[in-house]
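Here is target_6.pdb, consisting of PDB, C-alpha atoms:
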```
MODEL        1
ATOM      1  CA  MET A  17    -263.985  12.133  77.912
ATOM      2  CA  ALA A  18    -263.362   8.423  77.525
ATOM      3  CA  LYS A  19    -260.062   7.048  78.692
ATOM      4  CA  LYS A  20    -257.849   5.773  75.914
ATOM      5  CA  GLU A  21    -256.710   2.175  75.885
ATOM      6  CA  ILE A  22    -253.210   1.818  77.238
ATOM      7  CA  LYS A  23    -250.443  -0.654  76.714
ATOM      8  CA  ARG A  24    -249.996  -3.121  79.559
ATOM      9  CA  GLY A  25    -247.349  -5.763  79.954
ATOM     10  CA  ASN A  26    -244.384  -6.921  81.984
ATOM     11  CA  PHE A  27    -241.285  -4.819  82.708
ATOM     12  CA  TYR A  28    -239.523  -5.750  79.469
ATOM     13  CA  GLU A  29    -242.511  -5.004  77.241
ATOM     14  CA  LEU A  30    -243.300  -1.718  78.984
ATOM     15  CA  PHE A  31    -239.699  -0.554  78.894
ATOM     16  CA  ILE A  32    -239.323  -1.283  75.187
ATOM     17  CA  ASN A  33    -242.740   0.115  74.160
ATOM     18  CA  THR A  34    -242.741   3.424  76.042
ATOM     19  CA  ARG A  35    -243.632   5.370  72.895
ATOM     20  CA  LYS A  36    -246.870   3.400  72.503
ATOM     21  CA  ILE A  37    -247.938   4.532  75.962
ATOM     22  CA  ARG A  38    -246.940   8.193  75.609
ATOM     23  CA  PRO A  39    -246.881   8.861  71.855
ATOM     24  CA  GLY A  40    -245.184  12.004  70.617
ATOM     25  CA  ARG A  41    -243.064  12.426  73.753
ATOM     26  CA  ILE A  42    -239.389  11.755  74.253
ATOM     27  CA  SER A  43    -239.054   9.320  77.146
ATOM     28  CA  TYR A  44    -237.231  10.335  80.299
ATOM     29  CA  ARG A  45    -235.175   7.186  79.778
ATOM     30  CA  CYS A  46    -233.696   8.612  76.579
ATOM     31  CA  ILE A  47    -232.966  11.934  78.295
ATOM     32  CA  ARG A  48    -231.355  10.193  81.286
ATOM     33  CA  TRP A  49    -229.137   8.022  79.128
ATOM     34  CA  PHE A  50    -228.093  11.055  77.099
ATOM     35  CA  SER A  51    -227.312  12.921  80.345
ATOM     36  CA  ILE A  52    -225.066  10.097  81.609
ATOM     37  CA  ILE A  53    -223.255   9.768  78.278
ATOM     38  CA  LEU A  54    -222.819  13.538  77.938
ATOM     39  CA  ILE A  55    -221.355  13.973  81.432
ATOM     40  CA  THR A  56    -218.951  11.057  80.987
ATOM     41  CA  ALA A  57    -217.946  12.286  77.525
ATOM     42  CA  THR A  58    -217.334  15.806  78.870
ATOM     43  CA  PHE A  59    -214.876  14.406  81.421
ATOM     44  CA  ALA A  60    -213.135  12.356  78.716
ATOM     45  CA  PHE A  61    -212.885  15.124  76.124
ATOM     46  CA  SER A  62    -211.743  17.677  78.710
ATOM     47  CA  TYR A  63    -208.885  15.340  79.633
ATOM     48  CA  LYS A  64    -207.909  14.173  76.139
ATOM     49  CA  TRP A  65    -208.080  17.627  74.561
ATOM     50  CA  ALA A  66    -206.492  19.353  77.601
ATOM     51  CA  LEU A  67    -209.506  21.606  78.076
ATOM     52  CA  ASP A  68    -209.662  23.549  81.323
ATOM     53  CA  PHE A  69    -213.363  22.832  81.729
ATOM     54  CA  LEU A  70    -214.157  19.630  83.654
ATOM     55  CA  ALA A  71    -211.128  17.894  85.168
ATOM     56  CA  GLY A  72    -210.932  14.836  87.417
ATOM     57  CA  SER A  73    -213.726  12.296  87.759
ATOM     58  CA  LEU A  74    -217.087  11.903  89.466
ATOM     59  CA  ASN A  75    -215.322  11.293  92.776
ATOM     60  CA  GLY A  76    -213.672  14.673  92.736
ATOM     61  CA  SER A  77    -213.569  17.213  89.954
ATOM     62  CA  ARG A  78    -212.969  20.822  89.028
ATOM     63  CA  LEU A  79    -215.570  22.561  86.906
ATOM     64  CA  MET A  80    -213.445  25.333  85.392
ATOM     65  CA  SER A  81    -212.032  26.694  88.686
ATOM     66  CA  PHE A  82    -214.771  25.405  90.962
ATOM     67  CA  PHE A  83    -214.189  22.280  93.063
ATOM     68  CA  LEU A  84    -216.788  19.509  93.287
ATOM     69  CA  ILE A  85    -216.517  16.438  95.534
ATOM     70  CA  ASP A  86    -218.752  13.379  95.714
ATOM     71  CA  LEU A  87    -220.442  13.249  99.107
ATOM     72  CA  TYR A  88    -219.403   9.733 100.123
ATOM     73  CA  THR A  89    -215.872  10.177  98.797
ATOM     74  CA  GLY A  90    -215.686  13.390 100.805
ATOM     75  CA  LEU A  91    -216.712  11.561 103.979
ATOM     76  CA  GLU A  92    -214.046   8.923 103.313
ATOM     77  CA  TYR A  93    -211.424  11.634 102.762
ATOM     78  CA  ILE A  94    -212.298  13.433 105.997
ATOM     79  CA  LEU A  95    -212.179  10.221 108.053
ATOM     80  CA  ALA A  96    -208.956   9.037 106.422
ATOM     81  CA  HIS A  97    -207.025  12.304 106.829
ATOM     82  CA  LYS A  98    -208.819  13.610 109.931
ATOM     83  CA  ALA A  99    -208.903  17.007 108.236
ATOM     84  CA  LEU A 100    -210.996  19.115 105.892
ATOM     85  CA  THR A 101    -209.518  21.669 103.498
ATOM     86  CA  PHE A 102    -211.361  24.776 102.361
ATOM     87  CA  ASN A 103    -211.612  23.520  98.752
ATOM     88  CA  ALA A 104    -212.986  20.188  99.946
ATOM     89  CA  LEU A 105    -215.556  21.969 102.108
ATOM     90  CA  VAL A 106    -216.683  24.154  99.197
ATOM     91  CA  GLY A 107    -216.882  21.130  96.896
ATOM     92  CA  LEU A 108    -218.923  19.104  99.361
ATOM     93  CA  LEU A 109    -221.340  21.905 100.214
ATOM     94  CA  THR A 110    -221.892  22.681  96.534
ATOM     95  CA  ILE A 111    -222.768  19.076  95.721
ATOM     96  CA  LEU A 112    -224.920  18.781  98.855
ATOM     97  CA  LEU A 113    -226.924  21.894  97.939
ATOM     98  CA  PHE A 114    -227.280  20.849  94.293
ATOM     99  CA  TYR A 115    -228.599  17.392  95.104
ATOM    100  CA  PHE A 116    -230.863  18.734  97.834
ATOM    101  CA  VAL A 117    -232.594  20.715  95.083
ATOM    102  CA  VAL A 118    -232.625  17.997  92.398
ATOM    103  CA  GLY A 119    -233.531  15.138  94.709
ATOM    104  CA  GLY A 120    -230.536  13.215  96.043
ATOM    105  CA  ARG A 121    -230.382   9.935  94.156
ATOM    106  CA  THR A 122    -231.011  11.794  90.930
ATOM    107  CA  PHE A 123    -227.236  11.321  90.829
ATOM    108  CA  CYS A 124    -227.799   7.579  90.407
ATOM    109  CA  GLY A 125    -230.402   7.886  87.676
ATOM    110  CA  TRP A 126    -228.986  10.790  85.693
ATOM    111  CA  VAL A 127    -225.202  10.867  86.290
ATOM    112  CA  CYS A 128    -223.811   7.461  87.334
ATOM    113  CA  PRO A 129    -222.398   5.532  84.327
ATOM    114  CA  TYR A 130    -222.713   2.188  86.089
ATOM    115  CA  ASN A 131    -226.448   2.796  86.464
ATOM    116  CA  LEU A 132    -226.790   2.971  82.680
ATOM    117  CA  LEU A 133    -225.056  -0.399  82.300
ATOM    118  CA  ALA A 134    -227.094  -1.824  85.195
ATOM    119  CA  GLU A 135    -230.313  -0.681  83.560
ATOM    120  CA  ILE A 136    -229.356  -2.392  80.309
ATOM    121  CA  GLY A 137    -228.497  -5.464  82.392
ATOM    122  CA  GLU A 138    -231.900  -5.191  84.047
ATOM    123  CA  ILE A 139    -233.623  -5.246  80.648
ATOM    124  CA  ILE A 140    -231.705  -8.412  79.733
ATOM    125  CA  HIS A 141    -232.471  -9.923  83.154
ATOM    126  CA  GLU A 142    -236.207  -9.348  82.780
ATOM    127  CA  TYR A 143    -236.174 -10.674  79.211
ATOM    128  CA  LEU A 144    -234.489 -13.887  80.386
ATOM    129  CA  ARG A 145    -236.990 -14.159  83.236
ATOM    130  CA  LYS A 146    -239.854 -13.667  80.797
ATOM    131  CA  LYS A 147    -238.492 -16.567  78.727
ATOM    132  CA  GLY A 148    -238.204 -18.747  81.837
ATOM    133  CA  ILE A 149    -234.408 -18.996  81.581
ATOM    134  CA  ILE A 150    -233.832 -17.518  85.046
ATOM    135  CA  LYS A 151    -236.040 -17.177  88.136
ATOM    136  CA  LYS A 152    -237.110 -14.118  90.090
ATOM    137  CA  ARG A 153    -235.016 -13.703  93.223
ATOM    138  CA  ARG A 154    -235.030 -11.228  96.061
ATOM    139  CA  MET A 155    -232.035 -11.085  98.329
ATOM    140  CA  TYR A 156    -231.810  -9.979 101.946
ATOM    141  CA  SER A 157    -233.388  -6.796 103.258
ATOM    142  CA  GLU A 158    -232.209  -3.673 101.469
ATOM    143  CA  LYS A 159    -231.359  -2.244 104.877
ATOM    144  CA  ILE A 160    -228.103  -4.176 104.595
ATOM    145  CA  ARG A 161    -226.905  -1.205 102.541
ATOM    146  CA  TYR A 162    -226.536   0.751 105.786
ATOM    147  CA  ALA A 163    -224.106  -1.849 107.121
ATOM    148  CA  PHE A 164    -221.926  -1.449 104.034
ATOM    149  CA  TRP A 165    -222.218   2.334 104.338
ATOM    150  CA  VAL A 166    -220.775   2.209 107.868
ATOM    151  CA  ILE A 167    -218.133  -0.443 107.137
ATOM    152  CA  PHE A 168    -216.669   1.446 104.183
ATOM    153  CA  LEU A 169    -216.383   4.559 106.361
ATOM    154  CA  LEU A 170    -214.789   2.726 109.279
ATOM    155  CA  ILE A 171    -211.982   1.391 107.072
ATOM    156  CA  PRO A 172    -210.531   4.821 106.140
ATOM    157  CA  PHE A 173    -211.026   6.039 109.705
ATOM    158  CA  ILE A 174    -208.992   3.125 111.076
ATOM    159  CA  THR A 175    -206.424   2.620 108.298
ATOM    160  CA  GLY A 176    -206.153   6.057 106.704
ATOM    161  CA  ALA A 177    -206.771   4.487 103.280
ATOM    162  CA  ILE A 178    -209.785   5.182 101.079
ATOM    163  CA  PHE A 179    -210.485   1.511 100.430
ATOM    164  CA  PHE A 180    -213.933   1.504  98.815
ATOM    165  CA  GLU A 181    -213.041   3.595  95.777
ATOM    166  CA  SER A 182    -210.567   0.964  94.575
ATOM    167  CA  PHE A 183    -213.469  -1.324  93.602
ATOM    168  CA  ASN A 184    -216.373   1.107  93.288
ATOM    169  CA  PRO A 185    -217.862   0.229  89.852
ATOM    170  CA  LEU A 186    -219.053   3.805  89.401
ATOM    171  CA  ASP A 187    -215.498   5.099  89.666
ATOM    172  CA  ILE A 188    -214.053   2.210  87.634
ATOM    173  CA  ILE A 189    -216.392   2.798  84.689
ATOM    174  CA  ASN A 190    -216.070   6.584  84.881
ATOM    175  CA  ARG A 191    -212.256   6.547  84.966
ATOM    176  CA  SER A 192    -212.076   3.896  82.257
ATOM    177  CA  PHE A 193    -213.774   6.224  79.804
ATOM    178  CA  ILE A 194    -211.656   9.193  80.876
ATOM    179  CA  TYR A 195    -208.180   7.718  81.352
ATOM    180  CA  GLY A 196    -208.485   4.277  79.763
ATOM    181  CA  PRO A 197    -209.565   0.880  81.122
ATOM    182  CA  THR A 198    -207.705  -1.117  83.772
ATOM    183  CA  VAL A 199    -208.014  -4.715  84.899
ATOM    184  CA  MET A 200    -210.668  -3.582  87.413
ATOM    185  CA  VAL A 201    -213.106  -3.256  84.521
ATOM    186  CA  PHE A 202    -213.512  -7.027  84.792
ATOM    187  CA  TRP A 203    -214.748  -6.562  88.361
ATOM    188  CA  ALA A 204    -217.433  -4.132  87.177
ATOM    189  CA  LEU A 205    -218.437  -6.539  84.388
ATOM    190  CA  LEU A 206    -218.613  -9.405  86.902
ATOM    191  CA  LEU A 207    -221.042  -7.379  89.023
ATOM    192  CA  LEU A 208    -223.082  -6.717  85.920
ATOM    193  CA  LEU A 209    -223.247 -10.427  85.119
ATOM    194  CA  VAL A 210    -224.467 -11.133  88.665
ATOM    195  CA  GLU A 211    -227.261  -8.630  88.091
ATOM    196  CA  VAL A 212    -228.146 -10.082  84.691
ATOM    197  CA  PHE A 213    -228.261 -13.757  85.686
ATOM    198  CA  TYR A 214    -228.957 -13.728  89.421
ATOM    199  CA  ALA A 215    -230.173 -10.660  91.346
ATOM    200  CA  ARG A 216    -231.738  -7.678  89.588
ATOM    201  CA  ARG A 217    -229.909  -4.417  90.427
ATOM    202  CA  PHE A 218    -227.889  -6.172  93.145
ATOM    203  CA  TRP A 219    -225.199  -3.514  93.597
ATOM    204  CA  CYS A 220    -227.448  -0.475  93.559
ATOM    205  CA  LYS A 221    -230.118  -1.909  95.853
ATOM    206  CA  TYR A 222    -228.071  -3.787  98.426
ATOM    207  CA  VAL A 223    -224.511  -2.438  98.530
ATOM    208  CA  CYS A 224    -223.619   0.921  96.953
ATOM    209  CA  PRO A 225    -222.806   3.414  99.755
ATOM    210  CA  THR A 226    -222.596   6.250  97.226
ATOM    211  CA  GLY A 227    -226.240   5.762  96.316
ATOM    212  CA  THR A 228    -227.168   5.393  99.987
ATOM    213  CA  THR A 229    -225.582   8.765 100.752
ATOM    214  CA  TYR A 230    -227.445  10.535  97.959
ATOM    215  CA  GLY A 231    -230.592   8.717  99.065
ATOM    216  CA  MET A 232    -230.256  10.287 102.516
ATOM    217  CA  VAL A 233    -230.148  13.700 100.856
ATOM    218  CA  GLY A 234    -233.090  12.730  98.657
ATOM    219  CA  LYS A 235    -235.233  11.905 101.692
ATOM    220  CA  VAL A 236    -235.492  15.653 102.277
ATOM    221  CA  GLY A 237    -234.714  16.759  98.717
ATOM    222  CA  MET A 238    -236.966  19.032  96.715
ATOM    223  CA  LEU A 239    -237.420  17.438  93.296
ATOM    224  CA  ARG A 240    -239.503  14.264  93.595
ATOM    225  CA  VAL A 241    -242.096  12.322  91.630
ATOM    226  CA  LYS A 242    -245.619  13.368  92.601
ATOM    227  CA  PHE A 243    -248.542  10.949  92.536
ATOM    228  CA  ASP A 244    -252.063  12.163  91.671
ATOM    229  CA  LEU A 245    -254.665   9.644  92.787
ATOM    230  CA  ASP A 246    -257.457  11.338  90.814
ATOM    231  CA  ASN A 247    -255.671  10.633  87.524
ATOM    232  CA  CYS A 248    -254.644   7.070  88.411
ATOM    233  CA  THR A 249    -256.449   4.130  86.756
ATOM    234  CA  HIS A 250    -254.566   1.514  88.816
ATOM    235  CA  CYS A 251    -253.249  -0.170  85.655
ATOM    236  CA  GLY A 252    -250.128  -1.273  87.540
ATOM    237  CA  ASN A 253    -247.621  -0.254  84.872
ATOM    238  CA  CYS A 254    -245.623   1.938  87.255
ATOM    239  CA  TYR A 255    -245.252  -0.933  89.738
ATOM    240  CA  LYS A 256    -243.823  -3.185  87.042
ATOM    241  CA  VAL A 257    -241.015  -0.816  86.062
ATOM    242  CA  CYS A 258    -240.157   0.692  89.458
ATOM    243  CA  ILE A 259    -236.901  -0.389  91.094
ATOM    244  CA  GLU A 260    -238.682  -0.498  94.469
ATOM    245  CA  PRO A 261    -242.495  -0.640  94.016
ATOM    246  CA  THR A 262    -243.172  -0.160  97.737
ATOM    247  CA  LEU A 263    -242.293   3.500  97.157
ATOM    248  CA  LEU A 264    -245.406   3.811  94.988
ATOM    249  CA  THR A 265    -247.483   1.855  97.490
ATOM    250  CA  ASP A 266    -246.528   4.309 100.231
ATOM    251  CA  ALA A 267    -247.386   7.283  97.995
ATOM    252  CA  LEU A 268    -250.782   5.737  97.196
ATOM    253  CA  LYS A 269    -251.569   5.260 100.885
ATOM    254  CA  GLU A 270    -250.570   8.842 101.688
ATOM    255  CA  ALA A 271    -252.613  10.261  98.781
ATOM    256  CA  LYS A 272    -255.736   8.534 100.103
ATOM    257  CA  THR A 273    -255.387  10.391 103.397
ATOM    258  CA  LYS A 274    -254.948  13.864 101.891
ATOM    259  CA  GLU A 275    -257.636  16.257 100.756
ATOM    260  CA  ASP A 276    -255.994  16.988  97.391
ATOM    261  CA  ARG A 277    -255.330  13.227  96.866
ATOM    262  CA  LYS A 278    -251.736  13.901  95.896
ATOM    263  CA  ALA A 279    -248.505  12.711  97.497
ATOM    264  CA  PHE A 280    -244.807  12.698  96.740
ATOM    265  CA  VAL A 281    -242.932   9.450  96.139
ATOM    266  CA  LYS A 282    -240.463   9.400  99.002
ATOM    267  CA  GLY A 283    -237.855   7.015 100.272
ATOM    268  CA  LEU A 284    -234.161   6.404  99.931
ATOM    269  CA  ALA A 285    -234.514   3.921  97.061
ATOM    270  CA  CYS A 286    -236.096   6.368  94.585
ATOM    271  CA  ILE A 287    -233.536   7.545  92.012
ATOM    272  CA  ASN A 288    -235.878   9.911  90.150
ATOM    273  CA  CYS A 289    -235.430   7.758  87.061
ATOM    274  CA  ALA A 290    -238.992   8.635  85.932
ATOM    275  CA  ARG A 291    -239.615   5.165  84.537
ATOM    276  CA  CYS A 292    -242.966   5.281  86.305
ATOM    277  CA  ILE A 293    -243.758   8.552  84.512
ATOM    278  CA  ASP A 294    -242.751   7.063  81.154
ATOM    279  CA  VAL A 295    -245.314   4.249  81.445
ATOM    280  CA  CYS A 296    -248.188   6.325  82.861
ATOM    281  CA  ALA A 297    -250.649   7.265  80.107
ATOM    282  CA  TYR A 298    -252.775   9.581  82.253
ATOM    283  CA  ASP A 299    -250.222  11.856  83.924
ATOM    284  CA  ALA A 300    -250.903  10.449  87.361
ATOM    285  CA  LEU A 301    -247.159  10.735  87.959
ATOM    286  CA  LYS A 302    -244.983  13.748  87.262
ATOM    287  CA  PHE A 303    -242.018  15.656  88.676
ATOM    288  CA  ASP A 304    -242.716  18.438  91.160
ATOM    289  CA  LEU A 305    -240.907  20.379  93.890
ATOM    290  CA  ARG A 306    -241.596  19.841  97.554
ATOM    291  CA  TYR A 307    -241.865  22.756 100.032
ATOM    292  CA  ILE A 308    -242.713  25.297  97.302
ATOM    293  CA  GLU A 309    -246.368  25.591  98.354
ATOM    294  CA  LYS A 310    -245.358  26.227 101.968
ATOM    295  CA  ILE A 311    -242.776  28.823 100.942
ATOM    296  CA  LEU A 312    -245.148  30.643  98.608
TER
ENDMDL
END
```

Before anything else, please render the file you have as structure tokens.
Amino acid sequence: MAKKEIKRGNFYELFINTRKIRPGRISYRCIRWFSIILITATFAFSYKWALDFLAGSLNGSRLMSFFLIDLYTGLEYILAHKALTFNALVGLLTILLFYFVVGGRTFCGWVCPYNLLAEIGEIIHEYLRKKGIIKKRRMYSEKIRYAFWVIFLLIPFITGAIFFESFNPLDIINRSFIYGPTVMVFWALLLLLVEVFYARRFWCKYVCPTGTTYGMVGKVGMLRVKFDLDNCTHCGNCYKVCIEPTLLTDALKEAKTKEDRKAFVKGLACINCARCIDVCAYDALKFDLRYIEKIL
């Protein structure tokens, strides 16, 4: 059967015209954005209507009577107080198990409200670059994120204060929708402007220790994007929309060495956003679970 003609273009054109590539399907982008909005709205409505359903924020919450704690916030808490309560332990283990199954940085792509704003900023950034208004820039190695990860853990260990959360844009945006905005919203908007006019996805790629933590879980997590070399036409669309295209390059190299010509997209930077799936017309990329074949 002849291959159908597919839409090709730059990041902006591909992102906007997803339906032309995969007609009749709801894009993962739409589902992700709805997921982020729904989770944030659930926090807000539970607080404003005094519902005993989802209290707190993404840093630490209570789902009905069950405690949930963000992994990096939990590490900060333990180092600051030099102690670990039973509820904190249950909350941390629950989140750790959940994101081991769903793929670690799925938190970034499907839960984090700042990621939604950053993605909109990324669209604007690429549109401005397409028009020649700004230039493409790449900052220092993304490994610098590990330095920030350590530094923001050393501060609570030494001072006893959870310093990072006071300017974490994730927490600022999340709490602004739940409890109302504070002056720190301007800090989050400033970061967004840096990403729009200077460095694409600056915070998420080079700084955010929350994302780094979930990325560590995702390195061994189950749900990942799977690449099928036999279905790939090498159109390059997935590379143009991926936050870190080297992830796809590594999967391609691995697929060439395997008998079934399939490989999972691995690496800390992958947030399971499925943008690569949205722009693939031939189902060369799809979600799948690791380890299942070995277990079964």

* To do: Go through the shown structure with the PyMOL selection byres ((chain A and resi 132-136) around 9) and write out the matching residues as a list in words.
  => Arg48, Trp49, Ile52, Ile53, Gly125, Trp126, Val127, Cys128, Pro129, Tyr130, Asn131, Gly137, Glu138, Ile139, Ile140, His141, Leu208, Glu211, Val212, Arg216, Arg217, Trp219 and Cys220 of chain A

* Asked: Which of these residues is nearest to Gly227 of chain A, using all atoms listed in the file: A:Leu284, A:Ile194, A:Leu54, A:Leu209?
  ->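 Among the listed residues, A:Leu284 lies closest to Gly227 of chain A.
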
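Closest approach to Ser62 of chain A among A:Tyr230, A:Tyr162, A:Phe202, A:Phe193 is made by A:Phe193 (distances from all atoms listed in the file).
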
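This file gives the following result for the PyMOL selection byres ((chain A and resi 80) around 7): Asp68, Phe69, Leu70, Arg78, Leu79, Ser81 and Phe82 of chain A.
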
* Structure fact -> Computed gap from atom CA of Phe183 of chain A to atom CA of Asp86 of chain A is 15.8 Å

Which residues, written as a PDB file with C-alpha atoms, in the coordinates of the input, have at least one atom at most 7 Å from segment 291-294 of chain A, with all atoms listed in the file counted and residues fewer than 2 positions away on the same chain left out?
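To be explicit, this is the file written out as result-v9.pdb:
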```
ATOM      1  CA  THR A  34    -242.741   3.424  76.042  1.00  0.00           C
ATOM      2  CA  SER A  43    -239.054   9.320  77.146  1.00  0.00           C
ATOM      3  CA  TYR A  44    -237.231  10.335  80.299  1.00  0.00           C
ATOM      4  CA  ARG A  45    -235.175   7.186  79.778  1.00  0.00           C
ATOM      5  CA  CYS A 254    -245.623   1.938  87.255  1.00  0.00           C
ATOM      6  CA  VAL A 257    -241.015  -0.816  86.062  1.00  0.00           C
ATOM      7  CA  CYS A 258    -240.157   0.692  89.458  1.00  0.00           C
ATOM      8  CA  CYS A 289    -235.430   7.758  87.061  1.00  0.00           C
ATOM      9  CA  CYS A 296    -248.188   6.325  82.861  1.00  0.00           C
ATOM     10  CA  LEU A 301    -247.159  10.735  87.959  1.00  0.00           C
ATOM     11  CA  LYS A 302    -244.983  13.748  87.262  1.00  0.00           C
TER      12      LYS A 302
END
```

Edge lengths and centre in Å to one decimal, as lines of an AutoDock Vina configuration file, of the axis-aligned box that encloses all listed atoms of segment 138-144 of chain A with 3 Å added on every side?
```
center_x = -234.0
center_y = -9.5
center_z = 81.6
size_x = 10.5
size_y = 14.7
size_z = 10.8
```

* Expected selection from the PyMOL selection byres ((chain A and resi 188) around 12), given as a PyMOL selection string -> chain A and resi 73-75+128-130+180-187+189-205+207

Could you save the residues just selected, with C-alpha atoms, as an mmCIF file, keeping the file's coordinate frame?
```
data_model
loop_
_atom_site.group_PDB
_atom_site.id
_atom_site.type_symbol
_atom_site.label_atom_id
_atom_site.label_comp_id
_atom_site.auth_asym_id
_atom_site.auth_seq_id
_atom_site.Cartn_x
_atom_site.Cartn_y
_atom_site.Cartn_z
ATOM 1 C CA SER A 73 -213.726 12.296 87.759
ATOM 2 C CA LEU A 74 -217.087 11.903 89.466
ATOM 3 C CA ASN A 75 -215.322 11.293 92.776
ATOM 4 C CA CYS A 128 -223.811 7.461 87.334
ATOM 5 C CA PRO A 129 -222.398 5.532 84.327
ATOM 6 C CA TYR A 130 -222.713 2.188 86.089
ATOM 7 C CA PHE A 180 -213.933 1.504 98.815
ATOM 8 C CA GLU A 181 -213.041 3.595 95.777
ATOM 9 C CA SER A 182 -210.567 0.964 94.575
ATOM 10 C CA PHE A 183 -213.469 -1.324 93.602
ATOM 11 C CA ASN A 184 -216.373 1.107 93.288
ATOM 12 C CA PRO A 185 -217.862 0.229 89.852
ATOM 13 C CA LEU A 186 -219.053 3.805 89.401
ATOM 14 C CA ASP A 187 -215.498 5.099 89.666
ATOM 15 C CA ILE A 189 -216.392 2.798 84.689
ATOM 16 C CA ASN A 190 -216.070 6.584 84.881
ATOM 17 C CA ARG A 191 -212.256 6.547 84.966
ATOM 18 C CA SER A 192 -212.076 3.896 82.257
ATOM 19 C CA PHE A 193 -213.774 6.224 79.804
ATOM 20 C CA ILE A 194 -211.656 9.193 80.876
ATOM 21 C CA TYR A 195 -208.180 7.718 81.352
ATOM 22 C CA GLY A 196 -208.485 4.277 79.763
ATOM 23 C CA PRO A 197 -209.565 0.880 81.122
ATOM 24 C CA THR A 198 -207.705 -1.117 83.772
ATOM 25 C CA VAL A 199 -208.014 -4.715 84.899
ATOM 26 C CA MET A 200 -210.668 -3.582 87.413
ATOM 27 C CA VAL A 201 -213.106 -3.256 84.521
ATOM 28 C CA PHE A 202 -213.512 -7.027 84.792
ATOM 29 C CA TRP A 203 -214.748 -6.562 88.361
ATOM 30 C CA ALA A 204 -217.433 -4.132 87.177
ATOM 31 C CA LEU A 205 -218.437 -6.539 84.388
ATOM 32 C CA LEU A 207 -221.042 -7.379 89.023
#
```

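The smallest atom-to-atom distance between Phe114 of chain A and any of A:Val210, A:Met238, A:Ile94, A:Ala215, using all atoms listed in the file, is found for A:Met238.
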
* What does the distance from atom CA of Ala271 of chain A to atom CA of Cys251 of chain A come to in Å, to one decimal? -> 16.8 Å

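Across the model, the gap from atom CA of Gly237 of chain A to atom CA of Phe59 of chain A is 26.4 Å.
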
* Counting all atoms listed in the file, what is within 12 Å of Lys151 of chain A, bar same-chain residues fewer than 2 positions away, as a ChimeraX atom specification? -> /A:141-149,153-154,212-216

* Asked: For the point (-233.8, 5.6, 91.6) in file coordinates, what residues are within 8 Å, counting all atoms listed in the file? Give the answer as a ChimeraX atom specification?
  -> /A:121-122,124-125,259,285-289

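With only C-alpha atoms as the atoms that count, the minimum distance from Thr262 of chain A to the choices A:Lys282, A:Phe61, A:Leu67, A:Gly76 is reached by A:Lys282.
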
Repair of segment 276-285 of chain A at the level of N, CA, C and O atoms, as a compact mmCIF listing (two decimals), keeping the file's coordinate frame:
```txt
# COMPACT_ATOMS: atom_id res chain seq x y z
N ASP A 276 -256.24 16.80 98.83
CA ASP A 276 -255.99 16.99 97.39
C ASP A 276 -255.66 15.68 96.67
O ASP A 276 -255.47 15.67 95.46
N ARG A 277 -255.57 14.57 97.43
CA ARG A 277 -255.33 13.23 96.87
C ARG A 277 -254.03 13.17 96.07
O ARG A 277 -253.90 12.46 95.08
N LYS A 278 -253.05 13.90 96.54
CA LYS A 278 -251.74 13.90 95.90
C LYS A 278 -250.66 13.66 96.95
O LYS A 278 -250.79 14.11 98.09
N ALA A 279 -249.60 12.98 96.56
CA ALA A 279 -248.50 12.71 97.50
C ALA A 279 -247.21 12.51 96.73
O ALA A 279 -247.21 12.03 95.60
N PHE A 280 -246.11 12.89 97.36
CA PHE A 280 -244.81 12.70 96.74
C PHE A 280 -244.30 11.28 96.98
O PHE A 280 -244.56 10.69 98.03
N VAL A 281 -243.61 10.74 95.99
CA VAL A 281 -242.93 9.45 96.14
C VAL A 281 -241.66 9.70 96.93
O VAL A 281 -240.77 10.42 96.47
N LYS A 282 -241.59 9.14 98.10
CA LYS A 282 -240.46 9.40 99.00
C LYS A 282 -239.65 8.12 99.18
O LYS A 282 -239.96 7.09 98.64
N GLY A 283 -238.64 8.21 99.96
CA GLY A 283 -237.86 7.02 100.27
C GLY A 283 -236.48 7.04 99.65
O GLY A 283 -236.27 7.58 98.57
N LEU A 284 -235.56 6.41 100.34
CA LEU A 284 -234.16 6.40 99.93
C LEU A 284 -233.94 5.72 98.59
O LEU A 284 -233.06 6.09 97.84
N ALA A 285 -234.76 4.73 98.26
CA ALA A 285 -234.51 3.92 97.06
C ALA A 285 -234.86 4.64 95.76
O ALA A 285 -234.39 4.25 94.69
```
